[in-house]
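The file input-v1.csv comes next; it holds CSV, C-alpha atoms.
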chain,number,residue,atom,x,y,z
A,25,MET,CA,12.5,155.2,-146.0
A,26,VAL,CA,8.8,154.2,-145.8
A,27,GLU,CA,7.4,152.7,-149.0
A,28,PRO,CA,4.7,154.8,-150.6
A,29,LYS,CA,1.2,153.3,-150.1
A,30,VAL,CA,-0.2,151.9,-153.3
A,31,GLU,CA,-3.8,153.0,-154.2
A,32,TRP,CA,-5.9,153.4,-157.3
A,33,THR,CA,-8.8,155.5,-158.4
A,34,ASP,CA,-12.3,154.3,-159.2
A,35,THR,CA,-11.6,155.1,-162.9
A,36,PHE,CA,-8.5,152.9,-162.9
A,37,GLN,CA,-10.4,150.1,-161.3
A,38,ARG,CA,-13.2,150.2,-163.9
A,39,GLN,CA,-10.7,150.3,-166.7
A,40,LEU,CA,-8.7,147.4,-165.2
A,41,ARG,CA,-11.8,145.3,-164.7
A,42,LYS,CA,-12.7,145.8,-168.4
A,43,LEU,CA,-9.2,144.8,-169.6
A,44,CYS,CA,-9.2,141.8,-167.3
A,45,ARG,CA,-12.0,140.3,-169.4
A,46,LYS,CA,-9.4,139.6,-172.1
A,47,ASP,CA,-6.5,138.9,-169.8
A,48,GLN,CA,-7.4,137.1,-166.6
A,49,VAL,CA,-4.0,137.5,-164.9
A,50,LEU,CA,-3.5,141.2,-165.8
A,51,LYS,CA,-4.8,142.3,-162.4
A,52,ASP,CA,-2.1,140.4,-160.6
A,53,ARG,CA,0.6,141.6,-163.0
A,54,VAL,CA,-0.5,145.3,-162.7
A,55,ILE,CA,-0.7,145.1,-158.9
A,56,ASP,CA,2.8,143.6,-158.8
A,57,LEU,CA,4.1,146.3,-161.1
A,58,LEU,CA,2.6,149.1,-158.9
A,59,HIS,CA,4.3,147.6,-155.8
A,60,ASP,CA,7.6,147.2,-157.6
A,61,LEU,CA,7.3,150.9,-158.7
A,62,ALA,CA,6.6,152.0,-155.2
A,63,GLN,CA,9.6,150.1,-154.0
A,64,ASP,CA,11.8,151.5,-156.8
A,65,LYS,CA,12.4,147.9,-158.1
A,66,VAL,CA,11.7,148.8,-161.7
A,67,VAL,CA,12.2,151.9,-163.9
A,68,LYS,CA,9.6,154.5,-163.2
A,69,GLY,CA,8.6,155.1,-166.8
A,70,ASN,CA,8.2,158.4,-168.6
A,71,ARG,CA,7.7,161.6,-166.7
A,72,LEU,CA,4.7,163.5,-168.2
A,73,GLY,CA,5.5,167.0,-166.9
A,74,ILE,CA,2.0,167.6,-165.6
A,75,GLY,CA,2.7,167.4,-161.9
A,76,SER,CA,4.9,169.4,-159.6
A,77,ASP,CA,8.1,168.8,-157.6
A,78,LYS,CA,6.1,166.8,-155.1
A,79,HIS,CA,3.5,165.2,-157.3
A,80,VAL,CA,5.0,163.5,-160.3
A,81,VAL,CA,2.9,161.8,-163.0
A,82,PHE,CA,4.5,158.9,-165.0
A,83,LYS,CA,3.5,156.6,-167.8
A,84,VAL,CA,4.6,153.0,-167.8
A,85,ARG,CA,4.1,150.1,-170.2
A,86,VAL,CA,2.6,146.8,-169.1
A,87,ALA,CA,2.2,143.6,-171.2
A,88,LEU,CA,-1.3,142.6,-172.1
A,89,GLY,CA,-2.2,138.9,-172.8
A,90,ASN,CA,-0.4,137.3,-175.6
A,91,ARG,CA,-0.3,140.4,-177.7
A,92,GLY,CA,3.5,140.8,-177.5
A,93,LYS,CA,5.4,144.0,-177.4
A,94,ARG,CA,3.6,145.8,-180.2
A,95,SER,CA,0.4,146.3,-178.3
A,96,GLY,CA,0.0,146.3,-174.6
A,97,ALA,CA,-1.4,148.6,-171.9
A,98,ARG,CA,-0.2,151.8,-170.4
A,99,VAL,CA,-0.6,152.8,-166.8
A,100,ILE,CA,-0.6,156.5,-165.8
A,101,TYR,CA,0.2,157.0,-162.1
A,102,LEU,CA,0.9,159.7,-159.6
A,103,ARG,CA,3.9,159.4,-157.3
A,104,THR,CA,4.3,161.4,-154.1
A,105,SER,CA,6.5,160.7,-151.1
A,106,ASN,CA,3.6,159.0,-149.3
A,107,TYR,CA,1.5,157.5,-152.1
A,108,LEU,CA,1.6,155.8,-155.5
A,109,ILE,CA,-1.8,156.3,-157.0
A,110,ALA,CA,-2.8,154.5,-160.3
A,111,LEU,CA,-4.9,157.0,-162.3
A,112,PHE,CA,-5.6,155.4,-165.6
A,113,ILE,CA,-4.9,152.2,-167.5
A,114,TYR,CA,-5.6,151.8,-171.2
A,115,SER,CA,-4.8,149.4,-173.9
A,116,LYS,CA,-2.8,150.3,-177.0
A,117,LYS,CA,-4.4,148.3,-179.9
A,118,ASP,CA,-2.4,149.6,-182.8
A,119,SER,CA,1.0,151.0,-183.5
A,120,GLU,CA,-0.2,154.6,-183.5
A,121,PRO,CA,-2.6,155.4,-180.7
A,122,SER,CA,-4.4,158.6,-181.2
A,123,ILE,CA,-4.6,160.9,-178.2
A,124,ASN,CA,-8.3,161.3,-178.9
A,125,LYS,CA,-8.9,157.6,-178.4
A,126,ILE,CA,-6.9,157.7,-175.1
A,127,LEU,CA,-8.8,160.7,-173.9
A,128,GLN,CA,-12.1,159.1,-174.9
A,129,ALA,CA,-11.3,155.9,-173.1
A,130,CYS,CA,-10.3,157.7,-169.9
A,131,GLU,CA,-13.2,160.1,-170.0
A,132,GLN,CA,-15.7,157.3,-170.5
A,133,ALA,CA,-14.3,155.3,-167.5
A,134,ALA,CA,-14.2,158.4,-165.3
A,135,THR,CA,-17.9,159.2,-165.7
B,9,MET,CA,21.5,166.7,-171.7
B,10,ILE,CA,20.7,169.7,-169.5
B,11,ILE,CA,18.3,172.3,-170.9
B,12,THR,CA,18.8,175.8,-169.5
B,13,GLN,CA,17.1,177.7,-172.3
B,14,PRO,CA,14.1,175.6,-173.3
B,15,PRO,CA,13.1,177.3,-176.6
B,16,THR,CA,16.7,177.3,-177.8
B,17,GLY,CA,17.1,173.7,-176.5
B,18,GLY,CA,13.9,172.9,-178.2
B,19,ASN,CA,15.1,174.2,-181.6
B,20,ALA,CA,18.4,172.4,-181.1
B,21,ILE,CA,16.7,169.1,-180.4
B,22,LEU,CA,14.3,169.5,-183.3
B,23,GLY,CA,17.4,170.0,-185.5
B,24,ASP,CA,18.7,166.7,-184.1
B,25,VAL,CA,15.4,165.1,-184.9
B,26,SER,CA,15.6,166.4,-188.5
B,27,ASP,CA,19.1,164.9,-188.8
B,28,MET,CA,17.7,161.6,-187.5
B,29,GLN,CA,14.9,161.8,-190.2
B,30,ALA,CA,17.5,162.4,-192.9
B,31,THR,CA,19.7,159.5,-191.6
B,32,ILE,CA,16.8,157.1,-191.5
B,33,ALA,CA,15.6,158.2,-195.0
B,34,GLU,CA,19.1,157.6,-196.3
B,35,TRP,CA,19.3,154.3,-194.6
B,36,PHE,CA,15.9,153.4,-196.0
B,37,ASP,CA,17.0,154.4,-199.5
B,38,THR,CA,20.3,152.5,-199.5
B,39,THR,CA,18.9,149.2,-198.0
B,40,SER,CA,17.0,148.5,-201.3
B,41,LYS,CA,20.1,149.1,-203.5
B,42,ASP,CA,22.9,147.5,-201.4
B,43,THR,CA,24.3,144.0,-201.6
B,44,TRP,CA,23.8,141.9,-198.5
B,45,ARG,CA,27.4,142.6,-197.3
B,46,SER,CA,27.3,146.3,-197.7
B,47,ARG,CA,23.8,146.5,-196.4
B,48,LYS,CA,25.0,144.8,-193.2
B,49,LYS,CA,27.9,147.2,-192.9
B,50,ARG,CA,25.7,150.3,-193.5
B,51,SER,CA,23.0,149.0,-191.1
B,52,VAL,CA,25.4,148.6,-188.2
B,53,ALA,CA,26.6,152.2,-188.7
B,54,TYR,CA,23.1,153.6,-189.0
B,55,VAL,CA,21.9,151.6,-186.0
B,56,GLN,CA,24.6,153.2,-183.9
B,57,LYS,CA,23.9,156.7,-185.2
B,58,VAL,CA,20.2,156.4,-184.7
B,59,GLU,CA,20.6,154.8,-181.2
B,60,HIS,CA,22.7,157.7,-180.1
B,61,ALA,CA,20.2,160.2,-181.4
B,62,ILE,CA,17.3,158.3,-179.7
B,63,ASN,CA,19.2,158.3,-176.4
B,64,ASP,CA,19.6,162.1,-176.6
B,65,LEU,CA,15.9,162.6,-177.5
B,66,ALA,CA,14.7,160.3,-174.6
B,67,ASP,CA,16.9,162.4,-172.2
B,68,TYR,CA,15.5,165.6,-173.6
B,69,VAL,CA,11.9,164.5,-173.3
B,70,ASP,CA,12.5,163.4,-169.7
B,71,GLU,CA,14.4,166.6,-168.8
B,72,MET,CA,11.5,168.6,-170.3
B,73,GLY,CA,9.1,166.7,-168.1
B,74,VAL,CA,11.1,167.7,-165.1
B,75,LEU,CA,11.3,171.4,-166.2
B,76,MET,CA,7.6,171.5,-166.8
B,77,ASP,CA,6.9,169.9,-163.4
B,78,GLN,CA,9.1,172.5,-161.7
B,79,ALA,CA,7.4,175.3,-163.8
B,80,ARG,CA,10.8,176.3,-165.2
B,81,VAL,CA,9.3,176.0,-168.6
B,82,THR,CA,5.8,177.3,-169.3
B,83,SER,CA,3.3,174.6,-170.3
B,84,ASP,CA,2.7,176.3,-173.6
B,85,GLU,CA,6.4,176.3,-174.5
B,86,GLY,CA,6.8,172.7,-173.5
B,87,ARG,CA,3.6,171.6,-175.3
B,88,GLU,CA,4.6,173.1,-178.5
B,89,ILE,CA,8.0,171.4,-178.6
B,90,MET,CA,6.5,168.1,-177.5
B,91,ALA,CA,3.8,168.2,-180.2
B,92,ASN,CA,6.5,168.7,-182.8
B,93,ILE,CA,8.5,165.8,-181.3
B,94,ALA,CA,5.4,163.6,-181.2
B,95,GLU,CA,4.6,164.2,-184.9
B,96,ARG,CA,8.1,163.6,-186.1
B,97,GLY,CA,8.6,160.7,-183.6
B,98,TYR,CA,5.7,158.8,-185.1
B,99,ASP,CA,7.0,159.3,-188.6
B,100,LEU,CA,10.5,158.1,-187.5
B,101,ALA,CA,8.9,155.1,-185.7
B,102,ARG,CA,7.0,154.2,-188.9
B,103,ARG,CA,10.1,154.3,-191.0
B,104,LEU,CA,12.0,152.2,-188.5
B,105,ASP,CA,9.1,149.7,-188.5
B,106,LYS,CA,9.5,149.3,-192.3
B,107,LEU,CA,13.3,148.8,-191.9
B,108,ILE,CA,12.8,145.9,-189.5
B,109,GLU,CA,11.9,143.6,-192.4
B,110,ARG,CA,14.9,144.7,-194.4
B,111,ALA,CA,17.4,143.9,-191.7
B,112,PRO,CA,20.2,141.7,-193.0
B,113,ASN,CA,20.4,139.4,-190.0
B,114,PRO,CA,18.3,138.5,-186.8
B,115,GLN,CA,20.7,140.5,-184.5
B,116,LEU,CA,20.2,143.7,-186.5
B,117,LYS,CA,16.5,143.0,-186.8
B,118,GLY,CA,16.3,142.8,-183.0
B,119,LYS,CA,18.3,146.0,-182.7
B,120,ILE,CA,16.1,147.9,-185.2
B,121,GLU,CA,13.0,146.6,-183.5
B,122,ASP,CA,14.3,147.9,-180.2
B,123,LEU,CA,14.9,151.3,-181.7
B,124,PHE,CA,11.3,151.2,-183.1
B,125,PHE,CA,9.8,150.5,-179.7
B,126,ARG,CA,11.9,153.3,-178.0
B,127,MET,CA,11.0,155.8,-180.7
B,128,GLU,CA,7.3,154.9,-180.5
B,129,ASP,CA,7.5,155.3,-176.7
B,130,ILE,CA,9.1,158.7,-177.0
B,131,ALA,CA,6.5,159.9,-179.5
B,132,GLU,CA,3.7,158.5,-177.4
B,133,THR,CA,5.0,160.3,-174.3
B,134,ALA,CA,5.5,163.6,-176.2
B,135,GLU,CA,2.0,163.3,-177.5
B,136,LEU,CA,0.6,163.0,-173.9
B,137,VAL,CA,2.8,165.8,-172.6
B,138,SER,CA,1.6,168.1,-175.5
B,139,SER,CA,-2.1,167.6,-174.7
B,140,LYS,CA,-3.8,170.2,-172.6
B,141,GLU,CA,-6.9,168.0,-172.5
B,142,PHE,CA,-4.9,165.1,-171.1
B,143,GLU,CA,-3.4,167.3,-168.4
B,144,HIS,CA,-6.9,168.5,-167.5
B,145,LEU,CA,-8.1,164.9,-167.3
B,146,VAL,CA,-5.3,163.8,-165.0
B,147,ASN,CA,-5.7,166.8,-162.7
B,148,LEU,CA,-9.4,166.1,-162.5
B,149,GLU,CA,-8.8,162.5,-161.6
B,150,ILE,CA,-6.3,163.5,-158.9
B,151,LYS,CA,-8.8,166.0,-157.4
B,152,ARG,CA,-11.6,163.4,-157.5
B,153,PHE,CA,-9.4,160.9,-155.7
B,154,PHE,CA,-8.4,163.3,-152.9
B,155,ASP,CA,-11.9,164.8,-152.6
B,156,GLY,CA,-13.2,161.3,-152.2
B,157,ARG,CA,-10.7,160.5,-149.5
B,158,ALA,CA,-11.5,163.7,-147.6
B,159,LYS,CA,-15.1,162.8,-147.6
B,160,GLY,CA,-14.1,159.4,-146.3
Full structure transcribed into C-alpha coordinates:
Amino acid sequence: MVEPKVEWTDTFQRQLRKLCRKDQVLKDRVIDLLHDLAQDKVVKGNRLGIGSDKHVVFKVRVALGNRGKRSGARVIYLRTSNYLIALFIYSKKDSEPSINKILQACEQAAT
Amino acid sequence: MIITQPPTGGNAILGDVSDMQATIAEWFDTTSKDTWRSRKKRSVAYVQKVEHAINDLADYVDEMGVLMDQARVTSDEGREIMANIAERGYDLARRLDKLIERAPNPQLKGKIEDLFFRMEDIAETAELVSSKEFEHLVNLEIKRFFDGRAKG
(Lines of atoms letter the chains of each structure in order from A and count residues from 1; the text may use other names and numbers.)
(Lines give C-alpha, C1' and ligand atoms only; values in the text may rest on other atoms or scores of the structure.)
Protein backbone atom coordinates (compact mmCIF):
# COMPACT_ATOMS: atom_id res chain seq x y z
CA MET A 1 0.00 0.00 0.00
CA VAL A 2 1.29 3.46 -0.95
CA GLU A 3 1.78 5.86 1.94
CA PRO A 4 -0.51 8.91 1.76
CA LYS A 5 1.30 12.09 0.78
CA VAL A 6 1.64 14.51 3.70
CA GLU A 7 0.65 18.11 2.93
CA TRP A 8 -0.63 21.12 4.89
CA THR A 9 -2.76 24.17 4.23
CA ASP A 10 -1.54 27.77 4.32
CA THR A 11 -3.62 28.32 7.44
CA PHE A 12 -1.92 25.41 9.20
CA GLN A 13 1.48 26.75 8.17
CA ARG A 14 0.69 30.21 9.56
CA GLN A 15 -0.60 28.76 12.83
CA LEU A 16 2.43 26.46 13.17
CA ARG A 17 4.84 29.33 12.51
CA LYS A 18 3.19 31.33 15.29
CA LEU A 19 3.37 28.44 17.76
CA CYS A 20 7.01 27.79 16.87
CA ARG A 21 7.96 31.19 18.32
CA LYS A 22 7.37 29.63 21.74
CA ASP A 23 8.65 26.14 20.92
CA GLN A 24 11.53 25.97 18.45
CA VAL A 25 11.40 22.21 17.92
CA LEU A 26 7.61 22.00 17.53
CA LYS A 27 7.81 22.04 13.73
CA ASP A 28 10.00 18.92 13.62
CA ARG A 29 7.77 17.20 16.16
CA VAL A 30 4.61 17.99 14.21
CA ILE A 31 6.08 16.91 10.86
CA ASP A 32 7.27 13.65 12.42
CA LEU A 33 3.79 13.13 13.86
CA LEU A 34 2.11 13.73 10.48
CA HIS A 35 4.39 11.19 8.80
CA ASP A 36 3.81 8.69 11.59
CA LEU A 37 0.04 9.19 11.16
CA ALA A 38 0.35 8.68 7.40
CA GLN A 39 2.26 5.44 7.99
CA ASP A 40 -0.24 4.31 10.66
CA LYS A 41 2.57 4.18 13.22
CA VAL A 42 0.54 6.04 15.84
CA VAL A 43 -3.11 6.15 16.89
CA LYS A 44 -5.11 8.29 14.47
CA GLY A 45 -6.78 10.39 17.16
CA ASN A 46 -10.47 11.25 17.47
CA ARG A 47 -12.76 11.08 14.46
CA LEU A 48 -14.80 14.29 14.17
CA GLY A 49 -17.69 13.05 12.03
CA ILE A 50 -17.50 15.90 9.54
CA GLY A 51 -16.09 14.09 6.56
CA SER A 52 -17.31 11.17 4.52
CA ASP A 53 -16.35 7.54 3.97
CA LYS A 54 -13.43 8.65 1.84
CA HIS A 55 -12.47 11.92 3.54
CA VAL A 56 -12.12 11.49 7.28
CA VAL A 57 -11.28 14.36 9.64
CA PHE A 58 -9.39 13.63 12.87
CA LYS A 59 -8.12 15.55 15.90
CA VAL A 60 -4.86 14.54 17.56
CA ARG A 61 -2.90 15.90 20.54
CA VAL A 62 0.68 17.11 20.31
CA ALA A 63 2.95 18.22 23.17
CA LEU A 64 3.87 21.89 23.26
CA GLY A 65 7.15 23.06 24.84
CA ASN A 66 7.49 22.28 28.53
CA ARG A 67 3.84 22.77 29.28
CA GLY A 68 3.26 19.15 30.13
CA LYS A 69 0.14 17.15 29.43
CA ARG A 70 -2.39 19.69 30.71
CA SER A 71 -1.85 22.08 27.90
CA GLY A 72 -0.56 21.34 24.48
CA ALA A 73 -1.60 21.69 20.88
CA ARG A 74 -4.21 20.01 18.76
CA VAL A 75 -3.85 19.13 15.09
CA ILE A 76 -6.92 18.80 12.89
CA TYR A 77 -6.18 16.78 9.77
CA LEU A 78 -7.92 15.21 6.81
CA ARG A 79 -7.11 11.70 5.76
CA THR A 80 -7.90 10.23 2.34
CA SER A 81 -6.40 7.17 0.67
CA ASN A 82 -3.89 9.38 -1.16
CA TYR A 83 -3.37 12.33 1.17
CA LEU A 84 -2.93 13.38 4.75
CA ILE A 85 -3.63 17.12 4.87
CA ALA A 86 -3.00 19.08 8.07
CA LEU A 87 -5.77 21.70 8.27
CA PHE A 88 -5.37 23.48 11.61
CA ILE A 89 -3.13 23.51 14.66
CA TYR A 90 -4.04 25.41 17.80
CA SER A 91 -2.77 25.52 21.34
CA LYS A 92 -4.84 24.63 24.33
CA LYS A 93 -3.90 27.07 27.06
CA ASP A 94 -6.30 26.18 29.81
CA SER A 95 -8.12 23.11 30.98
CA GLU A 96 -11.35 24.14 29.32
CA PRO A 97 -10.89 25.42 25.80
CA SER A 98 -13.90 27.25 24.51
CA ILE A 99 -15.07 26.37 21.03
CA ASN A 100 -15.31 30.09 20.31
CA LYS A 101 -11.62 30.59 21.07
CA ILE A 102 -10.72 27.70 18.76
CA LEU A 103 -12.96 29.04 15.99
CA GLN A 104 -11.54 32.53 16.39
CA ALA A 105 -7.94 31.29 16.23
CA CYS A 106 -8.61 29.18 13.12
CA GLU A 107 -10.65 31.87 11.38
CA GLN A 108 -8.01 34.54 12.01
CA ALA A 109 -5.26 32.33 10.61
CA ALA A 110 -7.38 31.42 7.59
CA THR A 111 -7.94 35.02 6.51
CA MET B 1 -20.52 -0.61 21.32
CA ILE B 2 -22.43 -0.61 18.02
CA ILE B 3 -25.12 2.01 17.59
CA THR B 4 -27.96 1.02 15.32
CA GLN B 5 -30.56 3.48 16.54
CA PRO B 6 -28.69 6.72 17.22
CA PRO B 7 -31.36 8.64 19.16
CA THR B 8 -32.09 5.62 21.39
CA GLY B 9 -28.37 4.91 21.65
CA GLY B 10 -27.90 8.57 22.47
CA ASN B 11 -30.40 8.42 25.30
CA ALA B 12 -28.79 5.25 26.62
CA ILE B 13 -25.31 6.73 26.60
CA LEU B 14 -26.54 9.92 28.27
CA GLY B 15 -28.02 7.66 30.95
CA ASP B 16 -24.57 6.09 31.35
CA VAL B 17 -23.05 9.55 31.65
CA SER B 18 -25.57 10.42 34.36
CA ASP B 19 -24.57 7.24 36.21
CA MET B 20 -20.95 8.28 35.90
CA GLN B 21 -21.79 11.73 37.27
CA ALA B 22 -23.50 10.12 40.25
CA THR B 23 -20.57 7.73 40.81
CA ILE B 24 -18.04 10.55 40.75
CA ALA B 25 -20.20 12.73 43.00
CA GLU B 26 -20.42 9.87 45.51
CA TRP B 27 -16.68 9.25 45.23
CA PHE B 28 -16.04 12.95 45.74
CA ASP B 29 -18.28 13.01 48.77
CA THR B 30 -16.81 9.95 50.46
CA THR B 31 -13.16 10.88 49.96
CA SER B 32 -13.45 13.70 52.47
CA LYS B 33 -15.01 11.51 55.16
CA ASP B 34 -13.09 8.26 54.80
CA THR B 35 -10.05 7.06 56.64
CA TRP B 36 -6.90 6.59 54.53
CA ARG B 37 -7.44 2.82 54.29
CA SER B 38 -11.11 2.91 53.33
CA ARG B 39 -10.46 5.81 50.96
CA LYS B 40 -7.88 3.70 49.15
CA LYS B 41 -10.26 0.75 48.91
CA ARG B 42 -13.13 2.90 47.68
CA SER B 43 -10.95 4.79 45.22
CA VAL B 44 -9.74 1.55 43.58
CA ALA B 45 -13.35 0.49 43.06
CA TYR B 46 -14.42 3.91 41.77
CA VAL B 47 -11.44 4.12 39.38
CA GLN B 48 -12.44 0.78 37.85
CA LYS B 49 -16.08 1.79 37.52
CA VAL B 50 -15.32 5.17 35.98
CA GLU B 51 -12.64 3.72 33.69
CA HIS B 52 -15.14 1.22 32.33
CA ALA B 53 -17.72 3.98 31.72
CA ILE B 54 -15.12 6.21 30.02
CA ASN B 55 -14.13 3.35 27.69
CA ASP B 56 -17.77 2.97 26.66
CA LEU B 57 -18.18 6.70 26.16
CA ALA B 58 -14.99 6.95 24.06
CA ASP B 59 -16.24 4.06 21.87
CA TYR B 60 -19.61 5.75 21.54
CA VAL B 61 -18.15 9.13 20.49
CA ASP B 62 -15.89 7.37 17.97
CA GLU B 63 -18.77 5.28 16.60
CA MET B 64 -20.94 8.38 16.32
CA GLY B 65 -18.17 10.04 14.28
CA VAL B 66 -18.21 7.07 11.88
CA LEU B 67 -22.03 7.15 11.59
CA MET B 68 -22.01 10.90 10.93
CA ASP B 69 -19.27 10.51 8.30
CA GLN B 70 -21.34 7.82 6.60
CA ALA B 71 -24.49 9.97 6.90
CA ARG B 72 -26.20 7.17 8.81
CA VAL B 73 -27.00 9.72 11.50
CA THR B 74 -28.16 13.20 10.55
CA SER B 75 -25.77 15.93 11.56
CA ASP B 76 -28.42 17.57 13.74
CA GLU B 77 -29.10 14.35 15.68
CA GLY B 78 -25.41 13.75 16.16
CA ARG B 79 -24.69 17.34 17.15
CA GLU B 80 -27.40 17.42 19.78
CA ILE B 81 -26.11 14.29 21.49
CA MET B 82 -22.49 15.46 21.24
CA ALA B 83 -23.31 18.89 22.71
CA ASN B 84 -24.86 17.15 25.69
CA ILE B 85 -21.85 14.84 26.09
CA ALA B 86 -19.47 17.83 25.82
CA GLU B 87 -21.27 19.77 28.56
CA ARG B 88 -21.43 16.83 30.94
CA GLY B 89 -17.96 15.66 29.95
CA TYR B 90 -16.34 18.95 31.01
CA ASP B 91 -18.22 18.76 34.30
CA LEU B 92 -16.95 15.22 34.87
CA ALA B 93 -13.41 16.23 33.93
CA ARG B 94 -13.56 19.12 36.45
CA ARG B 95 -14.66 16.74 39.19
CA LEU B 96 -11.95 14.22 38.33
CA ASP B 97 -9.39 17.03 38.36
CA LYS B 98 -10.37 17.89 41.94
CA LEU B 99 -10.13 14.24 42.94
CA ILE B 100 -6.50 14.00 41.76
CA GLU B 101 -5.28 15.88 44.84
CA ARG B 102 -7.34 13.66 47.15
CA ALA B 103 -5.83 10.44 45.80
CA PRO B 104 -4.54 8.26 48.64
CA ASN B 105 -1.34 7.20 46.83
CA PRO B 106 0.78 8.11 43.74
CA GLN B 107 -0.45 5.08 41.74
CA LEU B 108 -4.08 6.06 42.17
CA LYS B 109 -3.20 9.69 41.56
CA GLY B 110 -1.70 8.69 38.20
CA LYS B 111 -4.77 6.62 37.39
CA ILE B 112 -7.21 9.43 38.22
CA GLU B 113 -5.08 11.89 36.27
CA ASP B 114 -5.26 9.56 33.28
CA LEU B 115 -9.06 9.38 33.61
CA PHE B 116 -9.17 13.18 33.77
CA PHE B 117 -7.17 13.53 30.52
CA ARG B 118 -9.33 10.94 28.74
CA MET B 119 -12.55 12.58 29.92
CA GLU B 120 -11.33 16.00 28.87
CA ASP B 121 -10.35 14.65 25.47
CA ILE B 122 -13.81 13.12 24.98
CA ALA B 123 -15.52 16.38 25.99
CA GLU B 124 -13.28 18.39 23.68
CA THR B 125 -13.96 16.07 20.74
CA ALA B 126 -17.70 16.08 21.43
CA GLU B 127 -17.64 19.88 21.53
CA LEU B 128 -15.96 20.07 18.13
CA VAL B 129 -18.35 17.49 16.62
CA SER B 130 -21.33 19.43 17.97
CA SER B 131 -20.29 22.71 16.34
CA LYS B 132 -21.85 23.60 12.99
CA GLU B 133 -19.41 26.53 12.71
CA PHE B 134 -16.42 24.23 13.14
CA GLU B 135 -17.72 21.91 10.43
CA HIS B 136 -18.16 24.91 8.14
CA LEU B 137 -14.63 26.13 8.89
CA VAL B 138 -13.11 22.70 8.18
CA ASN B 139 -15.04 22.29 4.91
CA LEU B 140 -14.00 25.78 3.82
CA GLU B 141 -10.35 25.01 4.54
CA ILE B 142 -10.54 21.73 2.58
CA LYS B 143 -12.18 23.51 -0.38
CA ARG B 144 -9.57 26.28 -0.26
CA PHE B 145 -6.78 23.71 -0.30
CA PHE B 146 -8.12 21.76 -3.27
CA ASP B 147 -9.08 24.93 -5.18
CA GLY B 148 -5.54 26.18 -4.68
CA ARG B 149 -4.10 22.92 -6.02
CA ALA B 150 -6.41 23.00 -9.04
CA LYS B 151 -5.15 26.48 -9.88
CA GLY B 152 -1.61 25.17 -9.50
### Query
Between B:Ala33, B:Val69, B:Val137, B:Val55, which one has atoms that come closest to Glu121 in chain B, using all atoms listed in the file?
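Among the listed residues, the smallest separation from Glu121 in chain B belongs to B:Val55.
Residues of chain A lying within 6 Å of chain B, counting only C-alpha atoms, are Arg71, Leu72, Gly73, Ile74, Gly75, Ser76 and Asp77 of chain A.
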#### Entry: Nearby residues (all atoms listed in the file) at most 9 Å from Asp64 in chain B, same-chain spacing under 4 positions excluded, as a list in words
Met9, Ile21, Asp24, Glu59, His60, Tyr68 and Val69 of chain B
### Query
Of the candidates A:Glu131, A:Thr35, A:Lys51, A:Val30, which one gets nearest to Gly89 in chain A if we count all atoms listed in the file?
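Looking at the shortest contact to Gly89 in chain A, the residue is A:Lys51.
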### Query
Could you name the residues that touch Leu61 in chain A at 10 Å or less, counting only C-alpha atoms, but leaving out those on the same chain fewer than 5 positions away, as a ChimeraX atom specification?
/A:27-28,30,55-56,66-69,84,101,103,108
### Query
How many Å lie between CA of His79 in chain A and CA of Ala62 in chain A, rounded to one decimal?
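Taking CA of His79 in chain A and CA of Ala62 in chain A, their separation equals 13.7 Å.
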### Message
Using only C-alpha atoms - which residues lie no farther than 12 Å from the point (27.3, 150.0, -193.3) in the file's frame? Write them as an NGL selection string.
### Response
:B and (34-35 or 38-39 or 42-57 or 111-112 or 116)
### Task
Report the distance between CA of Gly96 in chain A and CA of Lys83 in chain A in Å, rounded to one decimal place.
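Between these atoms lies a distance of 12.8 Å.
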### Task
Using CA of Leu104 in chain B and CA of Lys116 in chain A as the two end points, give the distance in Å to one decimal.
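So the answer is 18.8 Å.
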### Query
Leaving out range 41-47 of chain A and any residue of its chain fewer than 6 positions from it, which residues lie within 9 Å of it when counting all atoms listed in the file, given as JSON, numbers by chain?
{"A": [88, 89, 90, 97, 113, 114, 115]}
### Message
Given all atoms listed in the file as the basis, pick out the residue of A:Val81, A:Leu58, A:Ala87, A:Gln39 nearest to Phe112 in chain A.
### Response
A:Gln39
